[in-house]
file run_16.txt (compact mmCIF, C-alpha atoms)
# COMPACT_ATOMS: atom_id res chain seq x y z
CA MET H 437 15.78 22.24 -4.09
CA ILE H 438 14.76 20.46 -0.91
CA PRO H 439 13.08 21.56 1.35
CA ASN H 440 10.34 23.02 -0.81
CA LYS H 441 6.61 22.77 -1.36
CA ALA H 442 5.06 20.63 -4.08
CA THR H 443 3.24 22.95 -6.45
CA GLY H 444 -0.51 22.46 -6.31
CA ALA H 445 -0.42 19.72 -3.67
CA GLY H 446 -3.60 19.17 -1.69
CA ASN H 447 -7.25 19.72 -2.53
CA ASN H 448 -6.46 21.79 -5.65
CA ASN H 449 -7.07 21.27 -9.36
CA ALA H 450 -3.47 20.24 -10.07
CA ALA H 451 -2.23 17.16 -11.92
CA ASN H 452 1.53 17.79 -11.98
CA VAL H 453 2.32 17.40 -8.29
CA PHE H 454 4.01 14.04 -7.66
CA LYS H 455 5.44 11.69 -10.29
CA ILE H 456 6.78 8.14 -10.32
CA ASP H 457 8.88 7.03 -13.32
CA PHE H 458 9.20 3.32 -14.13
CA SER H 459 12.29 2.18 -16.05
CA LYS H 460 10.54 -0.95 -17.33
CA ALA H 461 7.00 -1.80 -18.30
CA LEU H 462 4.52 -2.93 -15.64
CA SER H 463 2.08 -5.83 -16.01
CA THR H 464 -0.84 -4.18 -14.28
CA ALA H 465 -1.93 -0.70 -13.24
CA PRO H 466 -0.03 0.41 -10.11
CA LYS H 467 -1.85 1.05 -6.84
CA LEU H 468 -1.11 3.95 -4.52
CA GLU H 469 -1.42 3.17 -0.82
CA ALA H 470 -0.51 4.60 2.60
CA TRP H 471 0.65 2.62 5.65
CA ASP H 472 2.06 3.08 9.15
CA ASN H 473 5.78 3.76 9.33
CA SER H 474 7.02 2.02 12.46
CA GLU H 475 10.55 3.39 12.01
CA THR H 476 11.69 6.87 13.04
CA PHE H 477 11.96 9.26 10.08
CA PRO H 478 13.91 9.29 7.82
CA ALA H 479 14.15 5.49 8.24
CA ARG H 480 11.13 3.61 6.93
CA ASP H 481 9.70 0.09 6.83
CA VAL H 482 10.45 -2.04 3.77
CA ALA H 483 6.73 -2.47 3.15
CA GLY H 484 3.49 -1.47 4.83
CA ALA H 485 1.72 -3.92 7.15
CA THR H 486 -0.49 -2.01 9.58
CA VAL H 487 -2.66 1.11 9.62
CA ALA H 488 -3.02 1.58 13.38
CA LYS H 489 -1.85 5.17 13.75
CA GLU H 490 -4.26 8.03 14.19
CA ILE H 491 -3.71 9.27 10.62
CA PHE H 492 -5.55 6.09 9.54
CA THR H 493 -7.90 5.34 12.44
CA GLY H 494 -9.09 8.94 12.59
CA THR H 495 -10.54 10.39 15.79
CA THR H 496 -13.91 10.82 17.42
CA GLY H 497 -13.89 14.36 15.97
CA ASN H 498 -13.75 13.15 12.35
CA SER H 499 -15.92 10.04 12.80
CA SER H 500 -12.89 7.73 12.49
CA LYS H 501 -12.00 8.67 8.89
CA PRO H 502 -8.53 8.22 7.37
CA MET H 503 -6.93 11.67 7.09
CA LEU H 504 -4.88 11.24 3.89
CA TYR H 505 -6.51 11.56 0.48
CA LEU H 506 -5.02 10.93 -2.96
CA VAL H 507 -6.05 11.23 -6.61
CA ALA H 508 -4.32 9.66 -9.62
CA THR H 509 -3.86 12.42 -12.21
CA THR H 510 -1.99 10.53 -14.94
CA SER H 511 -4.93 10.81 -17.35
CA SER H 512 -6.42 14.14 -16.29
CA ALA H 513 -6.47 16.91 -13.69
CA PRO H 514 -8.74 16.12 -10.73
CA GLY H 515 -10.96 19.22 -10.89
CA ALA H 516 -11.49 21.68 -8.06
CA ASP H 517 -12.29 20.42 -4.55
CA TRP H 518 -11.64 16.77 -5.42
CA LYS H 519 -11.14 15.62 -1.84
CA PRO H 520 -13.41 12.62 -1.13
CA ALA H 521 -15.69 13.10 1.89
CA SER H 522 -15.15 9.52 3.04
CA ALA H 523 -13.14 6.41 2.22
CA VAL H 524 -14.55 4.05 -0.43
CA ALA H 525 -14.02 0.32 0.19
CA GLY H 526 -11.15 -1.03 -1.90
CA SER H 527 -9.96 1.04 -4.84
CA ASN H 528 -11.39 4.32 -6.03
CA ASN H 529 -10.06 7.47 -7.71
CA PRO H 530 -9.89 9.68 -5.70
CA ASN H 531 -9.96 7.93 -2.34
CA ARG H 532 -8.97 8.31 1.29
CA LEU H 533 -5.97 6.14 2.07
CA LYS H 534 -5.76 3.21 4.50
CA GLY H 535 -3.49 0.32 3.50
CA SER H 536 -5.10 -2.26 1.22
CA THR H 537 -8.53 -1.39 2.59
CA ASN H 538 -8.82 2.05 0.91
CA TYR H 539 -6.46 2.94 -1.94
CA VAL H 540 -6.21 4.31 -5.51
CA THR H 541 -5.50 2.38 -8.71
CA ASP H 542 -3.84 4.45 -11.42
CA PRO H 543 -5.95 4.53 -14.63
CA THR H 544 -2.93 3.49 -16.73
CA THR H 545 -0.38 0.68 -16.92
CA PRO H 546 2.98 2.40 -17.59
CA GLY H 547 5.28 1.06 -20.28
CA ALA H 548 9.09 1.30 -20.10
CA GLU H 549 10.30 4.83 -19.24
CA GLU H 550 6.75 5.97 -18.60
CA SER H 551 5.35 7.60 -15.49
CA ILE H 552 2.27 8.09 -13.34
CA LEU H 553 1.12 11.30 -11.65
CA PHE H 554 -0.81 11.92 -8.45
CA ASN H 555 -1.87 14.59 -6.01
CA LEU H 556 -2.05 14.14 -2.25
CA GLY H 557 -3.45 15.98 0.77
CA ALA H 558 -4.38 15.64 4.43
CA GLU H 559 -7.46 16.68 6.39
CA VAL H 560 -6.80 16.75 10.14
CA PRO H 561 -9.52 17.06 12.81
CA TYR H 562 -9.44 19.49 15.74
CA ASP H 563 -8.99 16.67 18.26
CA ALA H 564 -5.93 15.06 16.64
CA THR H 565 -3.26 14.00 19.12
CA VAL H 566 -0.65 16.61 19.96
CA PRO H 567 2.30 16.14 19.71
CA SER H 568 1.70 14.39 16.40
CA ALA H 569 5.16 12.90 15.83
CA THR H 570 4.23 9.26 16.26
CA GLU H 571 0.53 9.31 15.38
CA MET H 572 1.03 10.84 11.91
CA ALA H 573 4.07 8.80 10.82
CA HIS H 574 3.19 7.09 7.56
CA MET H 575 4.56 5.89 4.24
CA ILE H 576 3.21 6.33 0.72
CA GLN H 577 3.64 3.04 -1.12
CA VAL H 578 3.17 2.05 -4.75
CA ARG H 579 2.20 -1.58 -5.41
CA TYR H 580 3.02 -2.85 -8.90
CA THR H 581 3.60 -6.05 -10.87
CA TYR H 582 6.00 -6.84 -13.72
CA THR H 583 7.54 -9.73 -15.60
CA GLY H 584 11.28 -10.15 -16.11
CA ASP H 585 13.65 -7.61 -14.61
CA ALA H 586 12.34 -5.34 -11.87
CA PRO H 587 11.81 -1.72 -12.89
CA VAL H 588 13.74 1.08 -11.19
CA LEU H 589 11.40 3.70 -9.73
CA THR H 590 12.13 7.42 -9.51
CA TRP H 591 9.88 9.57 -7.30
CA SER H 592 9.70 13.32 -7.98
CA PHE H 593 7.74 16.41 -6.97
CA ASN H 594 6.95 19.54 -8.98
CA GLU H 595 8.78 22.75 -8.06
CA GLY H 596 7.71 24.52 -11.24
CA SER H 597 4.21 25.46 -12.29
CA GLU H 598 1.27 23.27 -13.24
CA GLU H 599 1.73 24.37 -16.89
CA THR H 600 5.54 24.03 -16.92
CA PRO H 601 6.53 21.46 -14.32
CA SER H 602 10.07 21.26 -12.95
CA TRP H 603 10.59 17.83 -11.39
CA THR H 604 12.94 17.29 -8.46
CA GLU H 605 13.81 13.76 -7.39
CA ILE H 606 12.74 12.54 -3.95
CA THR H 607 14.94 9.93 -2.26
CA PRO H 608 12.91 7.53 -0.10
CA GLY H 609 14.65 7.06 3.23
CA THR H 610 16.18 10.55 3.03
CA HIS H 611 13.31 12.87 2.13
CA GLY H 612 9.81 12.96 3.57
CA LEU H 613 6.44 14.65 3.21
CA ARG H 614 5.25 17.53 5.39
CA TYR H 615 1.62 18.69 5.61
CA CYS H 616 1.73 22.36 6.55
CA ASN H 617 -0.14 25.66 6.82
CA SER H 618 -0.42 27.93 3.78
CA SER H 619 2.48 30.38 3.40
CA THR H 620 4.98 28.10 5.13
CA SER H 621 8.57 29.27 4.83
CA TRP H 622 9.94 26.12 3.21
CA ALA H 623 13.57 27.25 3.32
CA ALA H 624 13.59 27.86 7.06
CA GLY H 625 10.50 26.31 8.58
CA PRO H 626 8.83 25.85 11.00
CA TYR H 627 6.85 23.05 9.34
CA LYS H 628 3.53 23.15 11.13
CA LEU H 629 -0.16 22.54 10.61
CA THR H 630 -2.28 24.51 13.07
CA LEU H 631 -5.34 22.63 14.33
CA PRO H 632 -8.69 24.43 14.34
CA ALA H 633 -10.83 24.92 17.45
CA SER H 634 -13.49 22.67 15.93
CA SER H 635 -14.15 20.61 12.77
CA VAL H 636 -11.19 19.87 10.46
CA VAL H 637 -8.38 21.64 8.62
CA ASP H 638 -6.79 20.77 5.27
CA ALA H 639 -3.04 21.17 4.90
CA GLY H 640 -2.71 24.34 2.82
CA GLU H 641 0.66 23.20 1.50
CA VAL H 642 2.43 19.86 1.18
CA GLY H 643 6.17 19.73 0.66
CA ILE H 644 9.35 17.73 0.87
CA THR H 645 11.97 18.06 3.60
CA THR H 646 14.97 16.12 4.84
CA MET T 630 -24.83 7.77 -8.98
CA SER T 631 -22.05 5.16 -8.95
CA LYS T 632 -23.00 1.53 -9.42
CA GLU T 633 -22.51 -0.70 -6.37
CA ILE T 634 -20.44 -3.85 -6.90
CA GLU T 635 -19.35 -6.69 -4.62
CA ILE T 636 -15.64 -7.21 -3.96
CA THR T 637 -13.82 -10.05 -2.20
CA CYS T 638 -11.35 -9.74 0.68
CA SER T 639 -8.05 -11.30 -0.37
CA VAL T 640 -7.53 -12.62 3.19
CA CYS T 641 -10.85 -14.05 4.42
CA GLY T 642 -12.80 -14.26 1.16
CA GLY T 643 -15.63 -12.21 2.65
CA LYS T 644 -17.77 -10.02 0.39
CA VAL T 645 -17.99 -6.24 0.71
CA LYS T 646 -20.13 -3.86 -1.34
CA THR T 647 -18.46 -0.78 -2.83
CA THR T 648 -19.02 2.01 -5.32
CA GLY T 649 -15.28 2.06 -6.06
CA SER T 650 -13.35 1.31 -9.26
CA GLY T 651 -9.93 -0.07 -10.13
CA ASP T 652 -8.10 -3.26 -9.14
CA PHE T 653 -9.58 -5.05 -6.12
CA SER T 654 -7.32 -8.13 -6.22
CA THR T 655 -5.31 -7.07 -3.16
CA PHE T 656 -8.26 -5.69 -1.17
CA VAL T 657 -8.21 -6.44 2.57
CA CYS T 658 -11.47 -5.91 4.47
CA GLU T 659 -11.71 -3.76 7.62
CA ASN T 660 -12.06 -6.79 9.91
CA CYS T 661 -8.93 -8.56 8.60
CA GLN T 662 -6.89 -5.33 8.71
CA GLU T 663 -8.06 -4.60 12.26
CA LYS T 664 -6.82 -8.05 13.35
CA ARG T 665 -3.40 -7.14 11.91
CA ASN T 666 -3.51 -3.79 13.70
CA LEU T 667 -4.42 -5.27 17.08
CA PRO T 668 -0.84 -5.86 18.36
CA ILE T 669 0.01 -2.25 17.45
CA TYR T 670 -3.07 -0.93 19.26
CA LYS T 671 -2.01 -2.88 22.36
CA LYS T 672 1.53 -1.53 22.10
CA GLN T 673 0.21 2.04 21.76
CA ILE T 674 -2.05 1.54 24.79
CA ALA T 675 0.85 0.20 26.88
CA GLU T 676 3.00 3.21 25.93
CA LEU T 677 0.24 5.68 26.82
CA VAL T 678 -0.58 3.90 30.09
CA ASN T 679 3.09 3.97 31.10
CA ASN T 680 3.46 7.65 30.19
CA LYS T 681 2.68 9.60 33.36
CA SER T 682 2.69 12.99 31.58
CA ASN T 683 0.06 12.41 28.88
CA THR T 684 -1.53 15.49 27.34
CA GLU T 685 -5.34 15.71 27.22
CA ARG T 686 -5.18 14.67 23.54
CA GLN T 687 -3.08 11.63 24.43
CA LYS T 688 -5.60 10.67 27.12
CA GLN T 689 -8.36 10.90 24.49
CA ARG T 690 -6.32 8.72 22.17
CA LEU T 691 -5.85 6.15 24.95
CA LYS T 692 -9.62 5.97 25.49
CA PHE T 693 -10.21 5.70 21.70
CA LEU T 694 -7.73 2.81 21.43
CA GLN T 695 -9.09 1.01 24.49
CA GLU T 696 -12.58 1.11 23.00
CA LYS T 697 -11.23 -0.25 19.70
CA VAL T 698 -9.47 -3.16 21.42
CA LYS T 699 -12.58 -3.89 23.48
CA LYS T 700 -14.56 -4.29 20.25
CA LEU T 701 -11.88 -6.49 18.69
CA GLU T 702 -11.45 -8.66 21.78
CA PRO T 703 -14.81 -9.04 23.52
CA VAL T 704 -14.50 -10.24 27.13
CA LYS T 705 -14.91 -14.03 27.28
CA LYS T 706 -17.62 -15.22 29.66

call {"tool": "encode", "arguments": {"input": "run_16.txt", "output": "structure tokens"}}
result
Amino acid sequence: MIPNKATGAGNNNAANVFKIDFSKALSTAPKLEAWDNSETFPARDVAGATVAKEIFTGTTGNSSKPMLYLVATTSSAPGADWKPASAVAGSNNPNRLKGSTNYVTDPTTPGAEESILFNLGAEVPYDATVPSATEMAHMIQVRYTYTGDAPVLTWSFNEGSEETPSWTEITPGTHGLRYCNSSTSWAAGPYKLTLPASSVVDAGEVGITT
Amino acid sequence: MSKEIEITCSVCGGKVKTTGSGDFSTFVCENCQEKRNLPIYKKQIAELVNNKSNTERQKQRLKFLQEKVKKLEPVKK
């Protein structure tokens, strides 16, 4: 059911949060990246090219750090408090996300009808631009290689529990991510993240909306 | 402690040290990515300069972006 939160999303010890299924085998391990979206949601760019928005450049208040962080959980749960303090150059797991400069390589290379898992969160500083509509617009992108026919990808999020996941398909270009306060009413909204008076705040919940 | 390795930018061929792991074949260094971002920074600055009702946060963002562009495009003497 969309809108709804993704179970365990954010800086929590949860592996079954987001899933990408590949209909055909890949040649190399897929990479998870984030980029500017220059279109107005729900429209999105075909592929990422720049990381100029505040969600990637950061602010003076967070020492110019990318705000999104991601961990590949295909092989194991990330452990508690897995959020990386800073971005690591190139690939790392977990990592802060900024285009092809800071990203995550999945530890596996999926075969046909296999999937990868990841968890995702956002840490936003007190001095982030308000309103945030344009400065936080981004895309999550998976970069993969294959031989022969292109695989079909299916993106999903977990509406069940960590132990018994219930996967609901996400349609890129229709559905999007929201980084919100804890105890958000996902059926009715509002979908907000309240900035602190100082320092940073982590989105207590991450979910999918239209 | 993680071992430090040297990785190569896929655009300029420059070397960068990292403690990361995974596939670095598509890595783009900060400098090369900033050059790609520059037109967007300029567009954002123009929008903020033209907006006469900027909030305090938007004014801060304008200053942040102007400083970024100044570093990327030093004044020619």

call {"tool": "atom_distance", "arguments": {"input": "run_16.txt", "atom1": "atom CA of Arg532 of chain H", "atom2": "atom CA of Ala513 of chain H"}}
result
17.5 Å

call {"tool": "interface_residues", "arguments": {"input": "run_16.txt", "of": "chain T", "to": "chain H", "cutoff": "10 Å", "atoms": "only C-alpha atoms", "output": "PyMOL selection string"}}
result
chain T and resi 636-639+645-670+673+683-690+693-694+697

call {"tool": "write_last_selection", "arguments": {"input": "run_16.txt", "atoms": "C-alpha atoms", "output": "mmCIF file, keeping the file's coordinate frame"}}
result
data_model
loop_
_atom_site.group_PDB
_atom_site.id
_atom_site.type_symbol
_atom_site.label_atom_id
_atom_site.label_comp_id
_atom_site.auth_asym_id
_atom_site.auth_seq_id
_atom_site.Cartn_x
_atom_site.Cartn_y
_atom_site.Cartn_z
ATOM 1 C CA ILE T 636 -15.640 -7.210 -3.960
ATOM 2 C CA THR T 637 -13.820 -10.050 -2.200
ATOM 3 C CA CYS T 638 -11.350 -9.740 0.680
ATOM 4 C CA SER T 639 -8.050 -11.300 -0.370
ATOM 5 C CA VAL T 645 -17.990 -6.240 0.710
ATOM 6 C CA LYS T 646 -20.130 -3.860 -1.340
ATOM 7 C CA THR T 647 -18.460 -0.780 -2.830
ATOM 8 C CA THR T 648 -19.020 2.010 -5.320
ATOM 9 C CA GLY T 649 -15.280 2.060 -6.060
ATOM 10 C CA SER T 650 -13.350 1.310 -9.260
ATOM 11 C CA GLY T 651 -9.930 -0.070 -10.130
ATOM 12 C CA ASP T 652 -8.100 -3.260 -9.140
ATOM 13 C CA PHE T 653 -9.580 -5.050 -6.120
ATOM 14 C CA SER T 654 -7.320 -8.130 -6.220
ATOM 15 C CA THR T 655 -5.310 -7.070 -3.160
ATOM 16 C CA PHE T 656 -8.260 -5.690 -1.170
ATOM 17 C CA VAL T 657 -8.210 -6.440 2.570
ATOM 18 C CA CYS T 658 -11.470 -5.910 4.470
ATOM 19 C CA GLU T 659 -11.710 -3.760 7.620
ATOM 20 C CA ASN T 660 -12.060 -6.790 9.910
ATOM 21 C CA CYS T 661 -8.930 -8.560 8.600
ATOM 22 C CA GLN T 662 -6.890 -5.330 8.710
ATOM 23 C CA GLU T 663 -8.060 -4.600 12.260
ATOM 24 C CA LYS T 664 -6.820 -8.050 13.350
ATOM 25 C CA ARG T 665 -3.400 -7.140 11.910
ATOM 26 C CA ASN T 666 -3.510 -3.790 13.700
ATOM 27 C CA LEU T 667 -4.420 -5.270 17.080
ATOM 28 C CA PRO T 668 -0.840 -5.860 18.360
ATOM 29 C CA ILE T 669 0.010 -2.250 17.450
ATOM 30 C CA TYR T 670 -3.070 -0.930 19.260
ATOM 31 C CA GLN T 673 0.210 2.040 21.760
ATOM 32 C CA ASN T 683 0.060 12.410 28.880
ATOM 33 C CA THR T 684 -1.530 15.490 27.340
ATOM 34 C CA GLU T 685 -5.340 15.710 27.220
ATOM 35 C CA ARG T 686 -5.180 14.670 23.540
ATOM 36 C CA GLN T 687 -3.080 11.630 24.430
ATOM 37 C CA LYS T 688 -5.600 10.670 27.120
ATOM 38 C CA GLN T 689 -8.360 10.900 24.490
ATOM 39 C CA ARG T 690 -6.320 8.720 22.170
ATOM 40 C CA PHE T 693 -10.210 5.700 21.700
ATOM 41 C CA LEU T 694 -7.730 2.810 21.430
ATOM 42 C CA LYS T 697 -11.230 -0.250 19.700
#

call {"tool": "axis_aligned_box", "arguments": {"input": "run_16.txt", "around": "segment 498-507 of chain H", "padding_each_side": "5 Å", "output": "AutoDock Vina command-line options"}}
result
--center_x -10.4 --center_y 10.4 --center_z 3.1 --size_x 21.0 --size_y 15.4 --size_z 29.4

call {"tool": "residues_near_point", "arguments": {"input": "run_16.txt", "point": "(-2.4, 14.7, -10.7)", "cutoff": "10 Å", "atoms": "only C-alpha atoms", "output": "VMD selection string"}}
result
chain H and resid 444 to 445 448 to 455 506 to 515 552 to 556 598

call {"tool": "atom_distance", "arguments": {"input": "run_16.txt", "atom1": "atom CA of Gly547 of chain H", "atom2": "atom CA of Gly584 of chain H"}}
result
13.4 Å

call {"tool": "closest_residue", "arguments": {"input": "run_16.txt", "among": "H:Ala586, H:Ala569, H:Ile438, H:Val482", "to": "Lys628 of chain H", "atoms": "only C-alpha atoms"}}
result
H:Ala569

call {"tool": "atom_distance", "arguments": {"input": "run_16.txt", "atom1": "atom CA of Thr583 of chain H", "atom2": "atom CA of Glu550 of chain H"}}
result
16.0 Å

call {"tool": "closest_residue", "arguments": {"input": "run_16.txt", "among": "H:Phe492, H:Tyr580, H:Trp471, H:Phe477", "to": "Thr646 of chain H", "atoms": "only C-alpha atoms"}}
result
H:Phe477

call {"tool": "decode", "arguments": {"input": "run_16.txt", "residues": "segment 563-575 of chain H", "atoms": "N, CA and C atoms", "output": "CSV table (one decimal), in the first residue's frame"}}
result
chain,number,residue,atom,x,y,z
H,563,ASP,N,21.0,24.0,9.3
H,563,ASP,CA,21.0,25.2,8.4
H,563,ASP,C,20.6,24.8,7.0
H,564,ALA,N,20.0,23.7,6.8
H,564,ALA,CA,19.5,23.3,5.4
H,564,ALA,C,18.5,24.3,4.9
H,565,THR,N,18.5,24.5,3.6
H,565,THR,CA,17.6,25.5,3.0
H,565,THR,C,16.2,25.1,3.2
H,566,VAL,N,15.4,26.1,3.6
H,566,VAL,CA,13.9,25.9,3.7
H,566,VAL,C,13.3,27.0,2.8
H,567,PRO,N,12.3,26.7,1.9
H,567,PRO,CA,11.8,25.4,1.7
H,567,PRO,C,12.8,24.5,0.9
H,568,SER,N,12.6,23.2,1.1
H,568,SER,CA,13.6,22.2,0.6
H,568,SER,C,13.3,21.6,-0.7
H,569,ALA,N,12.2,22.0,-1.3
H,569,ALA,CA,11.7,21.3,-2.5
H,569,ALA,C,12.7,21.1,-3.6
H,570,THR,N,13.5,22.1,-3.9
H,570,THR,CA,14.4,22.0,-5.0
H,570,THR,C,15.8,21.4,-4.5
H,571,GLU,N,16.2,21.9,-3.3
H,571,GLU,CA,17.5,21.5,-2.9
H,571,GLU,C,17.7,20.1,-2.4
H,572,MET,N,16.6,19.4,-2.2
H,572,MET,CA,16.7,18.0,-1.8
H,572,MET,C,16.3,17.0,-2.9
H,573,ALA,N,15.9,17.5,-4.0
H,573,ALA,CA,15.4,16.6,-5.1
H,573,ALA,C,16.6,15.7,-5.7
H,574,HIS,N,16.4,14.4,-5.5
H,574,HIS,CA,17.5,13.5,-5.9
H,574,HIS,C,16.9,12.2,-6.5
H,575,MET,N,17.8,11.4,-7.1
H,575,MET,CA,17.4,10.1,-7.6
H,575,MET,C,18.3,9.1,-7.0
